[in-house]
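Engineer: Please find entry-v2.txt (compact mmCIF, N, CA and C atoms) on the next line:
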# COMPACT_ATOMS: atom_id res chain seq x y z
N MET A 1 -6.84 -7.08 -9.60
CA MET A 1 -7.42 -5.89 -9.01
C MET A 1 -7.91 -6.18 -7.59
N PHE A 2 -8.49 -7.36 -7.41
CA PHE A 2 -8.97 -7.73 -6.07
C PHE A 2 -7.80 -7.80 -5.10
N ASN A 3 -6.71 -8.44 -5.52
CA ASN A 3 -5.55 -8.56 -4.63
C ASN A 3 -4.97 -7.20 -4.29
N THR A 4 -4.96 -6.29 -5.23
CA THR A 4 -4.48 -4.94 -4.97
C THR A 4 -5.31 -4.29 -3.87
N SER A 5 -6.61 -4.36 -4.01
CA SER A 5 -7.50 -3.78 -3.01
C SER A 5 -7.36 -4.49 -1.67
N LEU A 6 -7.30 -5.81 -1.69
CA LEU A 6 -7.20 -6.58 -0.46
C LEU A 6 -5.93 -6.23 0.31
N ARG A 7 -4.82 -6.06 -0.39
CA ARG A 7 -3.58 -5.70 0.29
C ARG A 7 -3.65 -4.33 0.93
N ILE A 8 -4.46 -3.46 0.38
CA ILE A 8 -4.58 -2.11 0.94
C ILE A 8 -5.58 -2.07 2.09
N VAL A 9 -6.79 -2.60 1.87
CA VAL A 9 -7.83 -2.49 2.91
C VAL A 9 -7.75 -3.59 3.96
N ASN A 10 -7.09 -4.69 3.63
CA ASN A 10 -6.85 -5.78 4.58
C ASN A 10 -8.13 -6.42 5.11
N ASN A 11 -9.17 -6.42 4.27
CA ASN A 11 -10.44 -7.01 4.67
C ASN A 11 -11.14 -7.48 3.40
N ARG A 12 -11.44 -8.77 3.34
CA ARG A 12 -11.99 -9.38 2.12
C ARG A 12 -13.31 -8.72 1.71
N LYS A 13 -14.21 -8.51 2.65
CA LYS A 13 -15.52 -7.92 2.32
C LYS A 13 -15.34 -6.50 1.80
N ASP A 14 -14.50 -5.71 2.44
CA ASP A 14 -14.26 -4.35 1.98
C ASP A 14 -13.62 -4.35 0.59
N ALA A 15 -12.69 -5.27 0.36
CA ALA A 15 -12.03 -5.36 -0.95
C ALA A 15 -13.04 -5.72 -2.03
N GLU A 16 -13.96 -6.62 -1.72
CA GLU A 16 -15.00 -6.99 -2.69
C GLU A 16 -15.88 -5.77 -3.00
N ASP A 17 -16.25 -5.03 -1.96
CA ASP A 17 -17.07 -3.82 -2.17
C ASP A 17 -16.32 -2.79 -3.01
N VAL A 18 -15.04 -2.59 -2.68
CA VAL A 18 -14.23 -1.64 -3.43
C VAL A 18 -14.15 -2.03 -4.89
N LEU A 19 -13.91 -3.31 -5.14
CA LEU A 19 -13.78 -3.79 -6.51
C LEU A 19 -15.08 -3.59 -7.29
N GLN A 20 -16.20 -3.89 -6.67
CA GLN A 20 -17.49 -3.70 -7.33
C GLN A 20 -17.72 -2.22 -7.65
N GLU A 21 -17.43 -1.35 -6.69
CA GLU A 21 -17.59 0.09 -6.93
C GLU A 21 -16.65 0.57 -8.02
N ALA A 22 -15.41 0.06 -8.02
CA ALA A 22 -14.43 0.48 -9.02
C ALA A 22 -14.87 0.09 -10.42
N PHE A 23 -15.36 -1.14 -10.59
CA PHE A 23 -15.83 -1.57 -11.90
C PHE A 23 -17.06 -0.77 -12.33
N THR A 24 -17.96 -0.53 -11.41
CA THR A 24 -19.15 0.26 -11.72
C THR A 24 -18.76 1.67 -12.16
N ASP A 25 -17.87 2.30 -11.40
CA ASP A 25 -17.41 3.65 -11.76
C ASP A 25 -16.66 3.65 -13.08
N ALA A 26 -15.79 2.66 -13.28
CA ALA A 26 -15.00 2.61 -14.51
C ALA A 26 -15.90 2.50 -15.74
N PHE A 27 -16.84 1.60 -15.69
CA PHE A 27 -17.71 1.43 -16.85
C PHE A 27 -18.73 2.55 -16.98
N GLY A 28 -19.08 3.16 -15.87
CA GLY A 28 -19.98 4.32 -15.93
C GLY A 28 -19.28 5.55 -16.48
N ASN A 29 -17.97 5.59 -16.36
CA ASN A 29 -17.20 6.74 -16.83
C ASN A 29 -16.25 6.35 -17.96
N LEU A 30 -16.60 5.35 -18.70
CA LEU A 30 -15.76 4.86 -19.78
C LEU A 30 -15.44 5.95 -20.80
N GLN A 31 -16.35 6.89 -20.97
CA GLN A 31 -16.11 7.96 -21.93
C GLN A 31 -14.94 8.86 -21.51
N THR A 32 -14.56 8.84 -20.24
CA THR A 32 -13.43 9.67 -19.78
C THR A 32 -12.08 8.99 -19.99
N PHE A 33 -12.08 7.71 -20.33
CA PHE A 33 -10.83 7.00 -20.60
C PHE A 33 -10.22 7.58 -21.87
N ASN A 34 -8.99 8.11 -21.76
CA ASN A 34 -8.41 8.84 -22.89
C ASN A 34 -7.27 8.09 -23.60
N PHE A 35 -7.08 6.84 -23.29
CA PHE A 35 -6.10 5.99 -23.96
C PHE A 35 -4.65 6.45 -23.75
N SER A 36 -4.42 7.29 -22.74
CA SER A 36 -3.04 7.69 -22.45
C SER A 36 -2.29 6.58 -21.71
N SER A 37 -3.03 5.61 -21.21
CA SER A 37 -2.45 4.41 -20.58
C SER A 37 -3.33 3.23 -20.99
N THR A 38 -2.97 2.05 -20.51
CA THR A 38 -3.80 0.89 -20.80
C THR A 38 -5.06 0.95 -19.95
N PHE A 39 -6.09 0.25 -20.39
CA PHE A 39 -7.32 0.20 -19.61
C PHE A 39 -7.04 -0.40 -18.23
N GLY A 40 -6.19 -1.43 -18.18
CA GLY A 40 -5.86 -2.07 -16.91
C GLY A 40 -5.20 -1.11 -15.93
N ALA A 41 -4.28 -0.28 -16.42
CA ALA A 41 -3.61 0.71 -15.56
C ALA A 41 -4.62 1.74 -15.05
N TRP A 42 -5.52 2.17 -15.94
CA TRP A 42 -6.55 3.12 -15.56
C TRP A 42 -7.47 2.53 -14.50
N LEU A 43 -7.88 1.29 -14.71
CA LEU A 43 -8.75 0.61 -13.74
C LEU A 43 -8.03 0.41 -12.41
N LYS A 44 -6.75 0.04 -12.46
CA LYS A 44 -5.99 -0.17 -11.23
C LYS A 44 -5.91 1.11 -10.42
N LYS A 45 -5.74 2.23 -11.09
CA LYS A 45 -5.69 3.51 -10.38
C LYS A 45 -7.03 3.79 -9.70
N ILE A 46 -8.13 3.45 -10.37
CA ILE A 46 -9.45 3.61 -9.76
C ILE A 46 -9.58 2.71 -8.54
N VAL A 47 -9.13 1.46 -8.66
CA VAL A 47 -9.19 0.51 -7.53
C VAL A 47 -8.37 1.02 -6.36
N ILE A 48 -7.18 1.52 -6.63
CA ILE A 48 -6.32 2.03 -5.55
C ILE A 48 -6.97 3.24 -4.88
N ASN A 49 -7.49 4.16 -5.68
CA ASN A 49 -8.15 5.34 -5.10
C ASN A 49 -9.37 4.95 -4.28
N LYS A 50 -10.17 4.01 -4.79
CA LYS A 50 -11.33 3.54 -4.03
C LYS A 50 -10.90 2.86 -2.73
N SER A 51 -9.83 2.09 -2.79
CA SER A 51 -9.32 1.41 -1.59
C SER A 51 -8.86 2.43 -0.55
N LEU A 52 -8.15 3.45 -1.02
CA LEU A 52 -7.70 4.49 -0.09
C LEU A 52 -8.88 5.25 0.49
N ASN A 53 -9.90 5.49 -0.33
CA ASN A 53 -11.10 6.15 0.18
C ASN A 53 -11.78 5.29 1.25
N GLN A 54 -11.78 3.98 1.04
CA GLN A 54 -12.34 3.06 2.02
C GLN A 54 -11.58 3.17 3.35
N LEU A 55 -10.26 3.28 3.26
CA LEU A 55 -9.46 3.45 4.47
C LEU A 55 -9.78 4.77 5.16
N ARG A 56 -9.94 5.81 4.36
CA ARG A 56 -10.24 7.13 4.94
C ARG A 56 -11.58 7.12 5.67
N LYS A 57 -12.53 6.34 5.16
CA LYS A 57 -13.81 6.21 5.85
C LYS A 57 -13.61 5.65 7.25
N GLY A 58 -12.59 4.80 7.39
CA GLY A 58 -12.26 4.21 8.69
C GLY A 58 -11.33 5.08 9.50
N LYS A 59 -11.20 6.35 9.10
CA LYS A 59 -10.39 7.32 9.83
C LYS A 59 -8.90 6.97 9.84
N LEU A 60 -8.34 6.67 8.67
CA LEU A 60 -6.91 6.44 8.53
C LEU A 60 -6.17 7.71 8.90
N VAL A 61 -5.21 7.60 9.80
CA VAL A 61 -4.41 8.75 10.21
C VAL A 61 -2.95 8.41 10.01
N LEU A 62 -2.27 9.22 9.22
CA LEU A 62 -0.83 9.09 9.04
C LEU A 62 -0.19 10.34 9.61
N ILE A 63 0.83 10.16 10.40
CA ILE A 63 1.51 11.28 11.01
C ILE A 63 2.65 11.71 10.10
N ASP A 64 2.70 12.98 9.75
CA ASP A 64 3.76 13.52 8.92
C ASP A 64 4.94 13.83 9.83
N ASN A 65 6.02 13.08 9.68
CA ASN A 65 7.17 13.22 10.55
C ASN A 65 8.43 13.31 9.70
N GLU A 66 8.96 14.51 9.55
CA GLU A 66 10.13 14.70 8.70
C GLU A 66 11.39 14.08 9.28
N ASP A 67 11.43 13.87 10.59
CA ASP A 67 12.61 13.30 11.22
C ASP A 67 12.57 11.78 11.28
N ALA A 68 11.54 11.18 10.74
CA ALA A 68 11.33 9.73 10.90
C ALA A 68 12.46 8.91 10.33
N LEU A 69 12.99 9.30 9.18
CA LEU A 69 14.06 8.51 8.57
C LEU A 69 15.33 8.53 9.41
N GLU A 70 15.55 9.63 10.12
CA GLU A 70 16.76 9.74 10.94
C GLU A 70 16.67 8.92 12.22
N THR A 71 15.46 8.49 12.61
CA THR A 71 15.30 7.77 13.86
C THR A 71 15.56 6.27 13.74
N ILE A 72 15.80 5.78 12.52
CA ILE A 72 16.07 4.36 12.33
C ILE A 72 17.58 4.18 12.21
N PRO A 73 18.22 3.70 13.27
CA PRO A 73 19.68 3.55 13.23
C PRO A 73 20.12 2.53 12.19
N GLU A 74 21.20 2.84 11.51
CA GLU A 74 21.71 1.98 10.45
C GLU A 74 22.13 0.62 10.99
N GLU A 75 22.70 0.58 12.20
CA GLU A 75 23.18 -0.70 12.72
C GLU A 75 22.06 -1.66 13.12
N GLU A 76 20.83 -1.15 13.24
CA GLU A 76 19.72 -2.02 13.59
C GLU A 76 19.04 -2.64 12.37
N MET A 77 19.51 -2.31 11.18
CA MET A 77 18.92 -2.86 9.97
C MET A 77 19.10 -4.38 9.94
N ILE A 78 18.07 -5.07 9.51
CA ILE A 78 18.10 -6.53 9.42
C ILE A 78 18.65 -6.92 8.07
N ASP A 79 19.52 -7.91 8.03
CA ASP A 79 20.11 -8.37 6.78
C ASP A 79 19.07 -9.18 6.00
N GLU A 80 18.55 -8.57 4.94
CA GLU A 80 17.47 -9.18 4.16
C GLU A 80 17.93 -10.40 3.36
N THR A 81 19.20 -10.47 3.01
CA THR A 81 19.66 -11.54 2.13
C THR A 81 19.65 -12.89 2.82
N HIS A 82 19.65 -12.93 4.14
CA HIS A 82 19.70 -14.20 4.86
C HIS A 82 18.33 -14.72 5.27
N ILE A 83 17.30 -13.98 4.92
CA ILE A 83 15.94 -14.40 5.30
C ILE A 83 15.25 -14.96 4.05
N HIS A 84 14.83 -16.22 4.13
CA HIS A 84 14.11 -16.85 3.01
C HIS A 84 12.62 -16.76 3.31
N LEU A 85 11.92 -16.09 2.40
CA LEU A 85 10.51 -15.80 2.64
C LEU A 85 9.60 -16.67 1.80
N GLN A 86 8.47 -16.99 2.34
CA GLN A 86 7.44 -17.72 1.62
C GLN A 86 6.22 -16.82 1.50
N VAL A 87 5.52 -16.90 0.41
CA VAL A 87 4.41 -16.00 0.12
C VAL A 87 3.36 -16.02 1.22
N ALA A 88 2.99 -17.17 1.71
CA ALA A 88 1.95 -17.26 2.75
C ALA A 88 2.38 -16.54 4.03
N LYS A 89 3.65 -16.68 4.38
CA LYS A 89 4.16 -16.02 5.58
C LYS A 89 4.16 -14.51 5.40
N ILE A 90 4.50 -14.06 4.21
CA ILE A 90 4.53 -12.62 3.95
C ILE A 90 3.12 -12.04 4.04
N LYS A 91 2.16 -12.72 3.42
CA LYS A 91 0.77 -12.23 3.47
C LYS A 91 0.28 -12.14 4.91
N LYS A 92 0.56 -13.17 5.68
CA LYS A 92 0.13 -13.18 7.08
C LYS A 92 0.83 -12.07 7.86
N ALA A 93 2.11 -11.91 7.64
CA ALA A 93 2.87 -10.88 8.34
C ALA A 93 2.40 -9.48 7.95
N MET A 94 2.04 -9.30 6.69
CA MET A 94 1.58 -7.98 6.25
C MET A 94 0.29 -7.58 6.93
N GLN A 95 -0.52 -8.54 7.29
CA GLN A 95 -1.77 -8.23 7.99
C GLN A 95 -1.50 -7.65 9.37
N GLU A 96 -0.31 -7.89 9.91
CA GLU A 96 0.05 -7.37 11.22
C GLU A 96 0.55 -5.93 11.17
N LEU A 97 0.82 -5.41 9.98
CA LEU A 97 1.27 -4.02 9.85
C LEU A 97 0.09 -3.09 10.05
N ASN A 98 0.40 -1.85 10.47
CA ASN A 98 -0.70 -0.90 10.57
C ASN A 98 -1.13 -0.48 9.18
N THR A 99 -2.27 0.14 9.08
CA THR A 99 -2.87 0.46 7.80
C THR A 99 -1.96 1.30 6.90
N GLY A 100 -1.37 2.33 7.45
CA GLY A 100 -0.50 3.19 6.65
C GLY A 100 0.71 2.46 6.12
N GLN A 101 1.35 1.68 6.98
CA GLN A 101 2.53 0.91 6.57
C GLN A 101 2.17 -0.11 5.49
N ARG A 102 1.09 -0.83 5.70
CA ARG A 102 0.68 -1.86 4.75
C ARG A 102 0.34 -1.24 3.39
N THR A 103 -0.33 -0.10 3.42
CA THR A 103 -0.71 0.57 2.18
C THR A 103 0.51 1.03 1.40
N VAL A 104 1.43 1.70 2.07
CA VAL A 104 2.64 2.20 1.41
C VAL A 104 3.46 1.04 0.87
N LEU A 105 3.63 -0.01 1.67
CA LEU A 105 4.40 -1.17 1.24
C LEU A 105 3.76 -1.83 0.02
N THR A 106 2.46 -1.95 0.03
CA THR A 106 1.73 -2.54 -1.10
C THR A 106 1.91 -1.72 -2.37
N LEU A 107 1.70 -0.42 -2.25
CA LEU A 107 1.82 0.43 -3.43
C LEU A 107 3.24 0.46 -3.98
N TYR A 108 4.22 0.42 -3.09
CA TYR A 108 5.62 0.50 -3.53
C TYR A 108 6.11 -0.84 -4.08
N LEU A 109 5.96 -1.90 -3.30
CA LEU A 109 6.52 -3.19 -3.69
C LEU A 109 5.67 -3.95 -4.71
N PHE A 110 4.38 -3.99 -4.51
CA PHE A 110 3.52 -4.81 -5.36
C PHE A 110 2.98 -4.06 -6.58
N GLU A 111 2.71 -2.78 -6.41
CA GLU A 111 2.11 -2.02 -7.51
C GLU A 111 3.13 -1.21 -8.29
N GLY A 112 4.34 -1.06 -7.77
CA GLY A 112 5.42 -0.42 -8.51
C GLY A 112 5.41 1.10 -8.52
N TYR A 113 4.66 1.72 -7.64
CA TYR A 113 4.67 3.18 -7.57
C TYR A 113 5.92 3.63 -6.83
N ASP A 114 6.45 4.82 -7.19
CA ASP A 114 7.58 5.35 -6.44
C ASP A 114 7.04 6.21 -5.29
N HIS A 115 7.95 6.68 -4.43
CA HIS A 115 7.53 7.40 -3.23
C HIS A 115 6.74 8.68 -3.57
N GLU A 116 7.15 9.38 -4.61
CA GLU A 116 6.46 10.61 -4.98
C GLU A 116 5.05 10.32 -5.49
N GLU A 117 4.90 9.27 -6.27
CA GLU A 117 3.57 8.89 -6.77
C GLU A 117 2.67 8.49 -5.61
N ILE A 118 3.21 7.72 -4.67
CA ILE A 118 2.42 7.31 -3.50
C ILE A 118 2.03 8.54 -2.68
N SER A 119 2.95 9.48 -2.57
CA SER A 119 2.68 10.73 -1.86
C SER A 119 1.47 11.44 -2.46
N GLU A 120 1.43 11.52 -3.79
CA GLU A 120 0.30 12.16 -4.48
C GLU A 120 -0.98 11.36 -4.30
N ILE A 121 -0.89 10.04 -4.45
CA ILE A 121 -2.08 9.18 -4.34
C ILE A 121 -2.70 9.28 -2.95
N MET A 122 -1.84 9.27 -1.91
CA MET A 122 -2.34 9.24 -0.54
C MET A 122 -2.49 10.64 0.07
N SER A 123 -2.07 11.66 -0.66
CA SER A 123 -2.13 13.06 -0.18
C SER A 123 -1.37 13.25 1.13
N ILE A 124 -0.15 12.70 1.16
CA ILE A 124 0.73 12.87 2.30
C ILE A 124 2.11 13.26 1.77
N ALA A 125 2.96 13.75 2.65
CA ALA A 125 4.30 14.19 2.25
C ALA A 125 5.15 12.99 1.81
N ALA A 126 6.03 13.22 0.87
CA ALA A 126 6.92 12.15 0.38
C ALA A 126 7.79 11.61 1.50
N VAL A 127 8.21 12.47 2.43
CA VAL A 127 9.03 11.99 3.55
C VAL A 127 8.23 11.05 4.44
N THR A 128 6.94 11.28 4.55
CA THR A 128 6.08 10.38 5.32
C THR A 128 5.97 9.03 4.63
N VAL A 129 5.86 9.05 3.31
CA VAL A 129 5.83 7.81 2.55
C VAL A 129 7.11 7.03 2.78
N ARG A 130 8.26 7.70 2.71
CA ARG A 130 9.54 7.03 2.90
C ARG A 130 9.66 6.45 4.31
N SER A 131 9.24 7.21 5.30
CA SER A 131 9.33 6.71 6.67
C SER A 131 8.38 5.55 6.91
N GLN A 132 7.15 5.63 6.35
CA GLN A 132 6.19 4.53 6.47
C GLN A 132 6.74 3.28 5.79
N TYR A 133 7.38 3.47 4.62
CA TYR A 133 7.97 2.34 3.90
C TYR A 133 9.09 1.70 4.71
N MET A 134 10.00 2.53 5.23
CA MET A 134 11.12 1.99 6.01
C MET A 134 10.62 1.26 7.26
N ARG A 135 9.69 1.85 7.94
CA ARG A 135 9.15 1.22 9.16
C ARG A 135 8.40 -0.07 8.83
N ALA A 136 7.64 -0.04 7.74
CA ALA A 136 6.90 -1.24 7.33
C ALA A 136 7.86 -2.36 6.96
N LYS A 137 8.89 -2.03 6.22
CA LYS A 137 9.87 -3.03 5.81
C LYS A 137 10.59 -3.63 7.03
N GLN A 138 10.98 -2.77 7.94
CA GLN A 138 11.66 -3.25 9.15
C GLN A 138 10.74 -4.12 10.01
N LYS A 139 9.50 -3.67 10.19
CA LYS A 139 8.55 -4.43 10.99
C LYS A 139 8.22 -5.76 10.33
N LEU A 140 8.02 -5.75 9.02
CA LEU A 140 7.72 -6.97 8.28
C LEU A 140 8.86 -7.97 8.42
N LEU A 141 10.09 -7.50 8.26
CA LEU A 141 11.24 -8.37 8.41
C LEU A 141 11.38 -8.91 9.83
N THR A 142 11.08 -8.08 10.81
CA THR A 142 11.13 -8.53 12.21
C THR A 142 10.06 -9.60 12.48
N ILE A 143 8.86 -9.38 11.99
CA ILE A 143 7.78 -10.36 12.16
C ILE A 143 8.17 -11.68 11.53
N LEU A 144 8.69 -11.61 10.29
CA LEU A 144 9.08 -12.83 9.58
C LEU A 144 10.24 -13.53 10.27
N LYS A 145 11.16 -12.78 10.81
CA LYS A 145 12.30 -13.36 11.51
C LYS A 145 11.86 -14.05 12.81
N ASP A 146 10.93 -13.41 13.51
CA ASP A 146 10.43 -13.97 14.77
C ASP A 146 9.60 -15.23 14.57
N ASN A 147 8.94 -15.33 13.43
CA ASN A 147 8.13 -16.50 13.15
C ASN A 147 9.01 -17.59 12.58
Starting from the file, give its structure as structure tokens.

Structural biologist:
Amino acid sequence: MFNTSLRIVNNRKDAEDVLQEAFTDAFGNLQTFNFSSTFGAWLKKIVINKSLNQLRKGKLVLIDNEDALETIPEEEMIDETHIHLQVAKIKKAMQELNTGQRTVLTLYLFEGYDHEEISEIMSIAAVTVRSQYMRAKQKLLTILKDN
């Protein structure tokens, strides 16, 4: 849960605060847990929502751009199969992404949410999620390639 929050808020102190608030809220509202999912999944959703709220406090701004996917030329795509990644390099490179890109990439790749679910969680258009994901992936690969 801590790693989930840390990947979203990108700040250890904020992630610790988020985690503490999430556990406090979860146990304070335990009576609302309806067993439709596992307790861990329910808690993770609380952690993600708290993390996103923490970002919103910092004035997170995502631009809704329906044409964003069309602006990434196919020939500029980086060949992912030839890049060998190490976990430490990825973590460091992810810190260089902007907040929106890092959040979408984390929710999609690490937490397993699809674009529509991320759209609902973050209250942004699905096309914005897709464009943020594509841009984050491209930027992350470029950072890793340059290093």

Engineer: Could you state the separation of atom N of A:Ser5 and atom C of A:Phe35 in Å, given to one decimal place?

Structural biologist: 22.6 Å

Engineer: Which neighbours of stretch 97-110 of chain A fall inside 6 Å, counting only N, CA and C atoms, when residues of the same chain fewer than 6 positions from it are skipped, and could you give them as a PyMOL selection string?

Structural biologist: chain A and resi 7-8+132-133+136

Engineer: Those same residues - N, CA and C atoms - I'd like them written as an mmCIF file, in the coordinates of the input.

Structural biologist:
data_model
loop_
_atom_site.group_PDB
_atom_site.id
_atom_site.type_symbol
_atom_site.label_atom_id
_atom_site.label_comp_id
_atom_site.auth_asym_id
_atom_site.auth_seq_id
_atom_site.Cartn_x
_atom_site.Cartn_y
_atom_site.Cartn_z
ATOM 1 N N ARG A 7 -4.820 -6.060 -0.390
ATOM 2 C CA ARG A 7 -3.580 -5.700 0.290
ATOM 3 C C ARG A 7 -3.650 -4.330 0.930
ATOM 4 N N ILE A 8 -4.460 -3.460 0.380
ATOM 5 C CA ILE A 8 -4.580 -2.110 0.940
ATOM 6 C C ILE A 8 -5.580 -2.070 2.090
ATOM 7 N N GLN A 132 7.150 5.630 6.350
ATOM 8 C CA GLN A 132 6.190 4.530 6.470
ATOM 9 C C GLN A 132 6.740 3.280 5.790
ATOM 10 N N TYR A 133 7.380 3.470 4.620
ATOM 11 C CA TYR A 133 7.970 2.340 3.900
ATOM 12 C C TYR A 133 9.090 1.700 4.710
ATOM 13 N N ALA A 136 7.640 -0.040 7.740
ATOM 14 C CA ALA A 136 6.900 -1.240 7.330
ATOM 15 C C ALA A 136 7.860 -2.360 6.960
#

Engineer: Show which residues sit within 6 Å of stretch 46-51 of chain A, as a list in words. Count only N, CA and C atoms, and ignore same-chain residues fewer than 6 positions away.

Structural biologist: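 Residues near the query, excluding close chain neighbours: Ser5, Val9, Val18 and Ala22 of chain A.
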
Engineer: What is the distance between atom CA of A:Thr38 and atom CA of A:Asp14, in Å to one decimal?

Structural biologist: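 If I compute the distance from atom CA of A:Thr38 to atom CA of A:Asp14, I get 25.6 Å.
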
Engineer: In Å to one decimal, how far is atom CA of A:Leu52 from atom CA of A:Met122?

Structural biologist: 7.2 Å

Engineer: Around the point (-16.6, -1.1, -12.0) (coordinates from the file), which residues reach within 12 Å if we count only C-alpha atoms? Answer as a PyMOL selection string.

Structural biologist: chain A and resi 1-2+16-30+40+42-47+50

Engineer: Looking at all atoms listed in the file, which of A:Ser37, A:Ile143, A:Ile121, A:Asn3 is the one that sits closest to A:Lys89?

Structural biologist: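 When distances to A:Lys89 are compared using all atoms listed in the file, the smallest one comes from A:Ile143.
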
Engineer: Need to verify the contact set: A:Ser119, 8 Å, only C-alpha atoms, exclusion of same-chain residues closer than 5 positions in sequence. Can you return it as a VMD selection string?

Structural biologist: chain A and resid 124 to 126 128 to 129

Engineer: Taking the DSSP secondary structure from the backbone, can you list the residues of chain A that are helix (DSSP H, G or I), as a PyMOL selection string?

Structural biologist: chain A and resi 2-9+12-28+30-32+39-57+68-71+74-76+80-82+87-95+99-110+115-122+126-146
